[in-house]
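Participant: Here it is: the structure, laid out below.
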Amino acid sequence: MNCEQANEVLMLDLYGEATAADVVELKAHLAGCATCRRIAETSRAALVEFRREATPRPSRKTVEAVLVAAQPRPRLAGIFAQLHPALWQAAAVVAVALIVSVAVRFWPQSPIQLAAETSLTATQAAATETSWDANSAALSDRIRLAQADVSIGSSLDSRISGLRDALSDLRAGSGSF
Amino acid sequence: MPDQPLSPASNVEPSDDALFERYRNGDAAAFETLLARHQSALFGFLIRMAGDRALAEDLFQETWLRVVREARRYRAEQKFSRWLFTIANRLAIDELRRRKRWRTVSVDDEEAAVELPANGPSAAVETERRQTLSRIEAALATMQPSLRQVFLLREHSGVSFKEIAAMTDAPLGTVLWRMSAALKHLRKELEADGMME
Ligand SMILES: [Zn+2]
C-alpha cells in the first residue's frame, strides 16, 4: 500500500467503511510512514473538534411551515366518505337531471324539433309533420295487414317480409325529411 | 442488578421507509417523526453548505416540500436519507451557483437553538467553544464547494462514500480525494490556533 492508497483507505476507515483487510494494510503502512501517521492523527482530531460543535437547528417557524405543508390531503374516497347523506341525495338529483337533459337532446327527433333546429318555416314543418303522420299511418296499415296474415295462418316468413317492407317504406319516406 | 432484556418489539424504532409508507397512506404523525429524526442533520448540512441561516431555512423548507410533492415517486430500495440529502444537495448547489456568493455562517444568532450540556459550560470552556466554532466556520467558508459538499454530506447525511459518489456524479476515488482535501483544509484552520496540539 502506497501513501495515496493509504489516504483513501484512511478516509473510508474514519467512517467505518474500510474492509478488515484494508484496515490491516493501513495499519502496517502507518507504522512505517510518519507523514501518513500524522495525517491520520490530525484528521481524527479535526473530526472530533467538528463533531463537538452543536448542530444548529431550524427555527420553529420553518418546522411548523413544513408540517402544515405536509398535512396529508384526504383522498377522493375519503372526501366521498365525509359527505353528508343529504349531499349524496342532492348529487343524485343533479346526476338524474343531467342524464335526462342529455337523453332529450339526443333522442330520435320529431319533425317539429328538426324544423325548429334547421330553421324550417312553420308551413314546411307542418308539411313534414303530415308526411310523418302519413308514414306512420302506412306502417300501421302494414302491421294490421301482417296481423291479419297471422290470423289467417300465413307463414312466419310472410309476416316477417311484411314487416320488413313496412320498415323499408318508412325509411324511404323519412328520407324526404 | 443485571439489565432486564427488552422484548425485541418494545424498543424497535420504525424505519424511515416504514414511516414514509405510513405517511403516504395519510398518517401525518409518521411524517412528524420522520422530520424530527432528520431535521438536525439536514439543517446542519444546509446551513454549513449555504453559509447563511435565512437561505438554509428556505432550502430546508423547500427540501421537505419536494419530499411531500414527490412522495409517490419515492422507491423504498433507495434509502430515505439518501433521497432526502440528494434533494437537499441539489437545491443547495443550484442556489449557490445562482447566487454565486458565499458568506461565513454564524450559528450563534438568537435563532440558533444550540444544544449545550445540561450542567452548562464554564466561561473558559464557552470561550474556547466559540473560538473553535469560528475556526470551523472559517474553514468551511474558505473550502472549495466541491470539497465542502463531500465533507458535509458524509458528516451529516450518514450515507456512504459510494453513495455520495453516485449522488454527486463523481468516481469514488475523486470523492475520497475531496474528503481528504477537505479534512486537510479543516486541520490547517484548527492547527493555526493550536487547537489540535
Ligand atoms: Zn504514507
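Naming scheme: A, B, ... for chains in displayed order of the C-alpha cells; residues 1 onward per chain; ligands 1 onward as shown.
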If the limit is 10 Å from any atom of ligand 1, counting only C-alpha atoms and all ligand atoms, which residues qualify? Return them as a list in words.

Facilitator: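 Using only C-alpha atoms and all ligand atoms, everything at most 10 Å from ligand 1 comes to Met1, Asn2, Cys3, Glu4, Gln5, Ala6, Asn7, Leu26, His29, Leu30, Ala31, Gly32, Cys33, Ala34, Thr35, Cys36, Arg37, Arg38, Ile39 and Ala40 of chain A.
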
Participant: Residues near Phe161 in chain B, anyone? I mean within 10 Å using only C-alpha atoms, not counting same-chain ones fewer than 2 positions away, as a VMD selection string.

Facilitator: (chain A and resid 11 to 12 15 17) or (chain B and resid 150 to 151 153 to 154 158 to 159 163 to 167 171 to 173 175 to 176 179)

Participant: Find the residues around range 93-95 of chain B up to 10 Å (only C-alpha atoms counted), leave out those fewer than 5 positions away in its own chain, and share them as a PyMOL selection string.

Facilitator: chain B and resi 49-50+55+59+88+100-101+145-146+149

Participant: Please determine the contact residues of chain A with respect to chain B at a cut-off of 8 Å, counting only C-alpha atoms, and supply them as a list in words.

Facilitator: Asn7, Glu8, Met11, Leu12, Glu17, Thr42, Ser43, Ala45, Ala46, Glu49, Phe50, Glu53, Ala54, Thr55, Pro56, Arg57, Pro58, Ser59, Thr62, Val63, Ala65, Val66, Leu67, Ala69, Ala70, Gln71, Pro72, Arg73 and Pro74 of chain A

Participant: How many Å separate CA of Gln144 in chain B from CA of Phe85 in chain B?

Facilitator: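 Going from CA of Gln144 in chain B over to CA of Phe85 in chain B covers 19.3 Å.
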
Participant: Report the residues of range 130-185 of chain B whose backbone DSSP state falls under alpha helix (DSSP H), written as a VMD selection string.

Facilitator: chain B and resid 130 to 142 145 to 152 161 to 167 172 to 185

Participant: Nearest to Thr168 in chain B: which of B:Thr142, B:Asn89, B:Ser134, B:Thr127 is it, counting only C-alpha atoms?

Facilitator: B:Asn89
